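Asker: Please read through the structure below; I'll follow up with questions.
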There are 2 protein chains.
Amino acid sequence: MSITLAVDVMGGDFGASVTVPAALKIAAIAADVNFLLVGDEAAILPFLENVPASLRARLCIEHTSEFVTMDDKIAVALRQKKRSSMRLAAEAVRDGRAQACISAGNTGALMAVSRFVLKTHPAIDRPAIMTALPTQGGHVHMLDLGANIDSEPAHLLQFARMGALVAGALDGHASPRVALLNIGEEEIKGSELIKQTHALLRDSGLNYIGYIEGDGIFRGEAEVVVCDGFVGNIALKSSEGVAKMIAAMIKTQINRNWLTKLLGALAYPIWRGLKSQMDPGRYNGASLVGLNGIVIKSHGSATSDSFAHALEVAMLEVRKDIPGLISRRFSEAAEDKNA
Amino acid sequence: MSITLAVDVMGGDFGASVTVPAALKIAAIAADVNFLLVGDEAAILPFLENVPASLRARLCIEHTSEFVTMDDKIAVALRQKKRSSMRLAAEAVRDGRAQACISAGNTGALMAVSRFVLKTHPAIDRPAIMTALPTQGGHVHMLDLGANIDSEPAHLLQFARMGALVAGALDGHASPRVALLNIGEEEIKGSELIKQTHALLRDSGLNYIGYIEGDGIFRGEAEVVVCDGFVGNIALKSSEGVAKMIAAMIKTQINRNWLTKLLGALAYPIWRGLKSQMDPGRYNGASLVGLNGIVIKSHGSATSDSFAHALEVAMLEVRKDIPGLISRRFSEAAEDKNA
């Protein structure tokens, strides 16, 4: 079955110059994937000039001159830009013309627009932002990363259920380990949110392994880490910050003098291996889970290679029918309750 | 003026085998520093056997056979172990026999015992845990890292004031930049705690530069980052986890085959430079600020080199009279209010 991906061409720091080449890259390797390129035709066409006709035939442009900027307030994106590339890409998913929407646009706007256009499943109170992160031995899925603050225990339980479903489907895990992000100080294991969520998770039927600390995320102690969006976003951004700092420090050390420059150049195979192991591009593409449709958020500063990775995440979620899985599981749970 | 440091010899994963050599190392290079080694004499003496008499004369053993384990609950540490090495080290500070207490023991117990023994300054509601972290260009001081959860705006304001004072005194900054840890999503800048703290900080007279995101911490955008202990602990631990993961990945890449092993060995000057720039040992030693006395918490798994760094942090805080500074500033503020 062929797939159509709706790309918000104008989103992100670099717009069409990143999103269109990424779509071309994926179209060239995935013959059953078509693209709906939503955005300013004048910005898109220059990137399609030398594209072979067979490939060009799988790309459809939906022209609009309106787009959401990285600084646009949510209210502006939602109420004043009803023909934005972001909005039209989400509507293409709602109307069945595409199976997923991918945007590098601003997260708050994308969440609000997607939620407005696609709605959440009736048994889910709030969608969450979920992404994979590298660990020492593989990767971990973490949610929520900033869609919600002041979550309640029932919300975190829903995040855990969605996370386990998605991680299980994407990685082929029958029973992914789910952990709740907490801090280690014994007396402090006292936050009411954490305590109550802990109790709910224990009785959830999930493969719940208990608390995990910040450093445990990256040791690969669980397949799914659940947290409130405020804490999750801080953990994610802090981790990115440290990784960037270390990369900058390695560069500084290499550029110290001619000898270190030479040694740094010689050590190229080590850097290449390291990059392929933890390149943030490989982890680009966060899912907005809980919506009636697939929406993937790319980093605003993504290169075309990492935007292409976000497109691959979208393809995988389409093939695994993530929204269908979530919908069926949550509907069953609701029926069980009513029975 | 000579200084006496009270060392909880028995604290941490390795007890006397780490703490006593660290004290000897510092005693050998700092002629005006004396040590009160609090712990089991039988565990301490073997490490003092070949110590020259002149150095030995600056080390005093306060024997006790009781100590707080890494797993002891706070209630046990506080109520049942009244002659623990941790407790006696804190009492030495209270009684003026030492100017600082250093422990690698469990954080919750150390905070509770220190607070019970030393009390907080009357104008300070809650002590906080504060540490320096490496940034791209230098370092940043961050607090609270886990002493408090569910902090109120007034507490975060106090943390900011203490943080600015300590950072200013330790680094010689006249007016350190203070930032409030937050997440970037515009709509979400809505946590009441964050909003209200933001308003208090704006009117505080501090050099407040506004919000900072997780990745901003490590870009060196501020000298002081303020947050609730839950979020701060998660940010700290996540960052440590990523740094460890990257170190492990570099090792994996080096050990891949004989060529990468050779290149890895050749690149030694790069690793050495990197290590000296971001060695966690260089950042060992968190301050429990807000108490009537200096208490420094070392990582439980510290080596003797990194425990020695925690001792250096203690020495610096003694020389800068951090508790005196805090006490004077907060007393003045209280007088201003009453005037």
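Residue names in the structure tokens use chain letters A, B, ... in the order shown, residue numbers from 1 in each chain, and ligand numbers from 1 in the order shown.
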Please build the interface table for chain A against chain B with a cut-off of 8 Å, listing for each qualifying residue the nearest atom pair and the distance in Å to one decimal; count only C-alpha atoms, order rows by chain and increasing number, and write it as CSV.

Answerer:
```
residue,atom,partner,partner_atom,distance
A:Lys73,CA,B:Glu186,CA,7.1
A:Ile74,CA,B:Glu187,CA,7.0
A:Thr107,CA,B:Glu185,CA,7.0
A:Gly108,CA,B:Glu185,CA,5.6
A:Thr135,CA,B:Met245,CA,6.9
A:Gln136,CA,B:Met245,CA,5.6
A:Gly146,CA,B:Glu185,CA,7.3
A:Asn148,CA,B:Ile188,CA,7.5
A:Ile149,CA,B:Ile188,CA,7.0
A:Asp150,CA,B:Ser191,CA,7.5
A:Asn182,CA,B:Ile234,CA,7.3
A:Ile183,CA,B:Asn233,CA,6.4
A:Glu185,CA,B:Gly108,CA,5.7
A:Glu186,CA,B:Gly108,CA,6.7
A:Glu187,CA,B:Gly108,CA,6.8
A:Ile188,CA,B:Ile149,CA,6.9
A:Ser191,CA,B:Ile149,CA,7.1
A:Glu213,CA,B:Lys237,CA,6.9
A:Gly214,CA,B:Ser238,CA,4.0
A:Asp215,CA,B:Gly241,CA,3.9
A:Gly216,CA,B:Gly241,CA,6.8
A:Ile217,CA,B:Ser238,CA,7.2
A:Phe218,CA,B:Gly241,CA,5.6
A:Arg219,CA,B:Gly241,CA,7.1
A:Phe230,CA,B:Ile183,CA,6.6
A:Val231,CA,B:Val231,CA,5.8
A:Asn233,CA,B:Ile183,CA,6.4
A:Ile234,CA,B:Gly214,CA,5.0
A:Ala235,CA,B:Ala235,CA,5.0
A:Leu236,CA,B:Gly214,CA,7.4
A:Lys237,CA,B:Gly214,CA,4.5
A:Ser238,CA,B:Gly214,CA,4.0
A:Ser239,CA,B:Ser239,CA,5.0
A:Glu240,CA,B:Asp215,CA,6.1
A:Gly241,CA,B:Asp215,CA,3.9
A:Val242,CA,B:Ser239,CA,6.0
A:Ala243,CA,B:Val242,CA,6.8
A:Met245,CA,B:Gln136,CA,5.6
A:Ile246,CA,B:Ala243,CA,7.8
A:Ala248,CA,B:Gln136,CA,7.2
A:Met249,CA,B:Leu274,CA,6.5
A:Ile250,CA,B:Leu274,CA,6.4
A:Gln253,CA,B:Ile270,CA,5.5
A:Ile254,CA,B:Ile270,CA,6.2
A:Thr260,CA,B:Ile270,CA,6.4
A:Leu263,CA,B:Ala267,CA,5.3
A:Gly264,CA,B:Ala267,CA,6.6
A:Leu266,CA,B:Leu263,CA,6.6
A:Ala267,CA,B:Leu263,CA,5.3
A:Pro269,CA,B:Thr260,CA,6.8
A:Ile270,CA,B:Gln253,CA,5.5
A:Gly273,CA,B:Gln253,CA,6.1
A:Leu274,CA,B:Ile250,CA,6.4
A:Gln277,CA,B:Met249,CA,7.6
```

Asker: Can you pull out every residue from segment 171-333 of chain B that DSSP, working from the backbone, puts in strand (DSSP E or B), and format the result as JSON, numbers by chain?

Answerer: {"B": [177, 178, 179, 180, 181, 207, 208, 209, 210, 211, 212, 224, 225, 226, 286, 287, 288, 289, 291, 294, 295, 296, 297]}

Asker: I want to know what sits within 10 Å of Met1 of chain B, based on only C-alpha atoms, with residues of the same chain fewer than 6 positions away left out; could you give that as number ranges by chain?

Answerer: B: 32-33, 319

Asker: Would you save the residues of that selection, restricted to N, CA and C atoms, as an mmCIF file, in the first residue's frame?

Answerer:
```
data_model
loop_
_atom_site.group_PDB
_atom_site.id
_atom_site.type_symbol
_atom_site.label_atom_id
_atom_site.label_comp_id
_atom_site.auth_asym_id
_atom_site.auth_seq_id
_atom_site.Cartn_x
_atom_site.Cartn_y
_atom_site.Cartn_z
ATOM 1 N N ASP B 32 48.290 25.620 55.737
ATOM 2 C CA ASP B 32 47.463 26.240 56.783
ATOM 3 C C ASP B 32 46.152 25.488 56.999
ATOM 4 N N VAL B 33 46.045 24.285 56.437
ATOM 5 C CA VAL B 33 44.808 23.521 56.594
ATOM 6 C C VAL B 33 45.033 22.312 57.509
ATOM 7 N N ARG B 319 37.507 30.424 53.172
ATOM 8 C CA ARG B 319 38.309 31.647 52.972
ATOM 9 C C ARG B 319 37.431 32.815 52.543
#
```

Asker: Between atom CA of Ile212 of chain B and atom CA of Val226 of chain B, what is the distance, to one decimal in Å?

Answerer: 9.3 Å

Asker: Mind checking which residues fall within 10 Å of Gly96 of chain A, counting only C-alpha atoms, ignoring those fewer than 5 positions away in the same chain, and posting them as number ranges by chain?

Answerer: A: 4, 91, 293

Asker: Hey, can you spit out that residue selection with all heavy atoms as a PDB file, in the first residue's frame?

Answerer:
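Now in result.pdb:
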```
ATOM      1  N   THR A   4       1.162   8.476   1.611  1.00  0.00           N
ATOM      2  CA  THR A   4       1.423   9.886   1.293  1.00  0.00           C
ATOM      3  C   THR A   4       1.783  10.643   2.572  1.00  0.00           C
ATOM      4  O   THR A   4       1.071  10.555   3.578  1.00  0.00           O
ATOM      5  CB  THR A   4       0.208  10.541   0.621  1.00  0.00           C
ATOM      6  OG1 THR A   4      -0.088   9.820  -0.585  1.00  0.00           O
ATOM      7  CG2 THR A   4       0.495  11.995   0.281  1.00  0.00           C
ATOM      8  N   GLU A  91      -4.502  19.255   7.949  1.00  0.00           N
ATOM      9  CA  GLU A  91      -5.824  19.002   7.363  1.00  0.00           C
ATOM     10  C   GLU A  91      -5.769  17.890   6.318  1.00  0.00           C
ATOM     11  O   GLU A  91      -6.728  17.122   6.154  1.00  0.00           O
ATOM     12  CB  GLU A  91      -6.393  20.296   6.761  1.00  0.00           C
ATOM     13  CG  GLU A  91      -6.814  21.283   7.857  1.00  0.00           C
ATOM     14  CD  GLU A  91      -7.398  22.590   7.321  1.00  0.00           C
ATOM     15  OE1 GLU A  91      -7.427  22.777   6.090  1.00  0.00           O
ATOM     16  OE2 GLU A  91      -7.817  23.418   8.142  1.00  0.00           O
ATOM     17  N   GLY A 293      -4.298  10.846  14.248  1.00  0.00           N
ATOM     18  CA  GLY A 293      -3.475  11.008  13.059  1.00  0.00           C
ATOM     19  C   GLY A 293      -2.033  11.171  13.465  1.00  0.00           C
ATOM     20  O   GLY A 293      -1.744  11.491  14.628  1.00  0.00           O
TER      21      GLY A 293
END
```

Asker: So that I can check the surroundings of Arg126 of chain A, please list as a PyMOL selection string every protein, DNA and RNA residue that reaches within 8 Å of it, counting only C-alpha atoms and ignoring chain neighbours fewer than 5 positions away.

Answerer: chain A and resi 120+148+155+290

Asker: Using only C-alpha atoms, determine which residues lie at most 10 Å from Pro127 of chain A, disregarding the query and same-chain residues fewer than 6 positions distant; provide the list as a list in words.

Answerer: Met111, Ser114, Arg115, Lys119, Thr120, His121, Asp144, Ala147, Asn148, His155, Gln158, Phe159, Met162, Ser287, Leu288, Val289, Gly290, Leu291 and Asn292 of chain A

Asker: Taking the DSSP secondary structure from the backbone, can you list the residues of segment 67-291 of chain A that are helix (DSSP H, G or I), as a ChimeraX atom specification?

Answerer: /A:74-80,85-94,107-118,153-171,186-188,192-202,214-217,229-254,258-266,268-278,280-283

Asker: Can you tell me which residues surround Thr303 of chain A at a distance of at most 12 Å, considering only C-alpha atoms, apart from same-chain residues fewer than 3 positions away, and format the answer as a short mmCIF file (atom, residue, chain, number, x, y, z; two decimals) with N, CA, C and O atoms, in the first residue's frame?

Answerer:
```
data_model
loop_
_atom_site.label_atom_id
_atom_site.label_comp_id
_atom_site.auth_asym_id
_atom_site.auth_seq_id
_atom_site.Cartn_x
_atom_site.Cartn_y
_atom_site.Cartn_z
N GLY A 12 10.40 25.38 10.17
CA GLY A 12 11.82 25.25 10.53
C GLY A 12 12.63 26.46 10.14
O GLY A 12 12.15 27.39 9.51
N ASP A 13 13.90 26.42 10.52
CA ASP A 13 14.78 27.57 10.29
C ASP A 13 15.12 27.74 8.83
O ASP A 13 15.45 28.83 8.39
N PHE A 14 15.07 26.67 8.03
CA PHE A 14 15.57 26.74 6.65
C PHE A 14 14.50 26.46 5.60
O PHE A 14 14.78 26.50 4.41
N GLY A 15 13.26 26.15 6.03
CA GLY A 15 12.15 25.98 5.10
C GLY A 15 12.43 25.02 3.96
O GLY A 15 13.02 23.95 4.15
N ALA A 16 12.02 25.43 2.76
CA ALA A 16 12.07 24.55 1.59
C ALA A 16 13.46 24.02 1.29
O ALA A 16 13.61 22.90 0.77
N SER A 17 14.51 24.78 1.62
CA SER A 17 15.85 24.35 1.26
C SER A 17 16.27 23.09 2.01
O SER A 17 17.20 22.39 1.60
N VAL A 18 15.61 22.81 3.11
CA VAL A 18 15.86 21.58 3.85
C VAL A 18 14.77 20.54 3.61
O VAL A 18 15.03 19.37 3.36
N THR A 19 13.52 21.00 3.64
CA THR A 19 12.42 20.03 3.63
C THR A 19 12.25 19.36 2.26
O THR A 19 11.99 18.16 2.19
N VAL A 20 12.41 20.13 1.17
CA VAL A 20 12.20 19.55 -0.15
C VAL A 20 13.31 18.54 -0.50
O VAL A 20 13.01 17.40 -0.89
N PRO A 21 14.59 18.90 -0.34
CA PRO A 21 15.63 17.89 -0.59
C PRO A 21 15.45 16.63 0.27
O PRO A 21 15.73 15.51 -0.19
N ALA A 22 14.99 16.79 1.50
CA ALA A 22 14.77 15.62 2.36
C ALA A 22 13.68 14.73 1.76
O ALA A 22 13.82 13.50 1.70
N ALA A 104 8.81 21.06 10.77
CA ALA A 104 9.92 21.54 11.60
C ALA A 104 9.54 22.88 12.22
O ALA A 104 10.39 23.59 12.75
N ASP A 279 24.61 10.58 16.51
CA ASP A 279 24.21 11.73 15.73
C ASP A 279 22.78 12.15 16.07
O ASP A 279 21.85 11.36 15.91
N PRO A 280 22.60 13.39 16.54
CA PRO A 280 21.23 13.80 16.87
C PRO A 280 20.28 13.66 15.68
O PRO A 280 19.10 13.42 15.84
N GLY A 281 20.82 13.78 14.47
CA GLY A 281 19.98 13.62 13.27
C GLY A 281 19.30 12.26 13.24
O GLY A 281 18.15 12.14 12.79
N ARG A 282 19.99 11.26 13.76
CA ARG A 282 19.41 9.92 13.77
C ARG A 282 18.23 9.84 14.73
O ARG A 282 17.47 8.87 14.71
N ASN A 284 16.18 12.54 15.15
CA ASN A 284 15.24 13.62 14.83
C ASN A 284 13.88 13.03 14.47
O ASN A 284 13.79 12.04 13.75
N SER A 298 9.90 17.81 13.63
CA SER A 298 11.35 17.82 13.43
C SER A 298 11.96 18.99 14.18
O SER A 298 11.30 20.01 14.41
N HIS A 299 13.21 18.86 14.57
CA HIS A 299 13.97 20.00 15.09
C HIS A 299 13.88 21.16 14.11
O HIS A 299 13.97 20.94 12.90
N GLY A 300 13.73 22.35 14.61
CA GLY A 300 13.68 23.52 13.74
C GLY A 300 14.97 23.70 12.95
O GLY A 300 14.97 24.18 11.82
N SER A 306 18.71 15.12 8.57
CA SER A 306 17.97 14.79 9.78
C SER A 306 16.47 15.00 9.58
O SER A 306 15.67 14.26 10.15
N PHE A 307 16.10 15.93 8.70
CA PHE A 307 14.67 16.04 8.37
C PHE A 307 14.21 14.75 7.67
O PHE A 307 13.09 14.27 7.89
N ALA A 308 15.10 14.20 6.84
CA ALA A 308 14.77 12.92 6.19
C ALA A 308 14.54 11.83 7.24
O ALA A 308 13.66 10.97 7.07
N HIS A 309 15.28 11.90 8.34
CA HIS A 309 15.04 10.92 9.40
C HIS A 309 13.65 11.09 10.00
O HIS A 309 12.96 10.10 10.31
N ALA A 310 13.23 12.33 10.17
CA ALA A 310 11.88 12.57 10.68
C ALA A 310 10.84 12.00 9.72
O ALA A 310 9.81 11.45 10.15
#
```
